[in-house]
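To start, the structure under review is shown below, and the notes come after it.
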Amino acid sequence: MSTRQIVAISLPSILLKKISAEAKNDHTSRSEIIRRSLKQHFFMRDFSAARNQTLAELDKKGVHLTEENVFEQIS
């Protein structure tokens, strides 16, 4: 289990209001909303990087896939 550390950040008031409202609606803390957002951000970044690398490797092998091709195959 990793240890937690406190990080101070500066946010525009409108963003803080949105985070606070989301936390209230989800019955959770603002910290949890920010943690979820960061986890999602890094997941999407890593997923996009893996996707791009895979498509580049397939392209080198002469396999040209589009998102439509993949969608057709899994539908």
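Chain lettering (A, B, ...) mirrors the order of the structure tokens, residue numbering begins at 1 for each chain separately, and ligand numbering begins at 1 in order of display.
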
- request: Please return as an MDAnalysis selection string: the residues of chain A that backbone DSSP assigns to alpha helix (DSSP H).
  value: chainID A and resid 13:26 30:60 67:74

Limited to C-alpha atoms, could you put the picked residues into a file as a CSV table (one decimal), in the first residue's frame?
```
chain,number,residue,atom,x,y,z
A,13,SER,CA,-12.9,29.2,-8.6
A,14,ILE,CA,-15.3,27.8,-11.2
A,15,LEU,CA,-13.4,24.5,-11.4
A,16,LEU,CA,-13.4,24.2,-7.6
A,17,LYS,CA,-17.1,24.9,-7.5
A,18,LYS,CA,-17.6,22.1,-10.0
A,19,ILE,CA,-15.5,19.7,-8.0
A,20,SER,CA,-17.3,20.6,-4.8
A,21,ALA,CA,-20.7,20.1,-6.5
A,22,GLU,CA,-19.6,16.7,-7.9
A,23,ALA,CA,-18.3,15.6,-4.5
A,24,LYS,CA,-21.6,16.6,-2.8
A,25,ASN,CA,-23.6,14.7,-5.5
A,26,ASP,CA,-21.4,11.6,-5.1
A,30,ARG,CA,-13.2,16.7,-3.3
A,31,SER,CA,-9.9,14.8,-2.9
A,32,GLU,CA,-11.6,11.7,-4.1
A,33,ILE,CA,-13.1,13.5,-7.2
A,34,ILE,CA,-9.6,14.8,-8.1
A,35,ARG,CA,-8.0,11.3,-7.5
A,36,ARG,CA,-10.6,9.7,-9.8
A,37,SER,CA,-10.0,12.4,-12.4
A,38,LEU,CA,-6.2,11.9,-12.3
A,39,LYS,CA,-6.6,8.1,-12.5
A,40,GLN,CA,-8.9,8.5,-15.6
A,41,HIS,CA,-6.5,10.9,-17.2
A,42,PHE,CA,-3.5,8.6,-16.8
A,43,PHE,CA,-5.5,5.5,-17.9
A,44,MET,CA,-6.6,7.3,-21.1
A,45,ARG,CA,-3.1,8.6,-21.7
A,46,ASP,CA,-1.6,5.1,-21.3
A,47,PHE,CA,-4.4,3.5,-23.3
A,48,SER,CA,-3.9,6.0,-26.2
A,49,ALA,CA,-0.1,5.4,-26.2
A,50,ALA,CA,-0.6,1.6,-26.3
A,51,ARG,CA,-3.2,1.9,-29.0
A,52,ASN,CA,-1.0,4.1,-31.1
A,53,GLN,CA,2.0,1.8,-30.6
A,54,THR,CA,0.0,-1.2,-31.6
A,55,LEU,CA,-1.4,0.5,-34.7
A,56,ALA,CA,2.1,1.6,-35.7
A,57,GLU,CA,3.4,-1.9,-35.4
A,58,LEU,CA,0.5,-3.4,-37.3
A,59,ASP,CA,1.0,-0.7,-40.0
A,60,LYS,CA,4.7,-1.7,-40.4
A,67,GLU,CA,-11.5,2.1,-35.5
A,68,GLU,CA,-14.4,1.2,-37.8
A,69,ASN,CA,-12.7,-2.1,-38.8
A,70,VAL,CA,-12.2,-3.0,-35.1
A,71,PHE,CA,-15.8,-2.0,-34.2
A,72,GLU,CA,-17.1,-4.2,-37.1
A,73,GLN,CA,-15.0,-7.2,-35.8
A,74,ILE,CA,-16.2,-7.0,-32.2
```
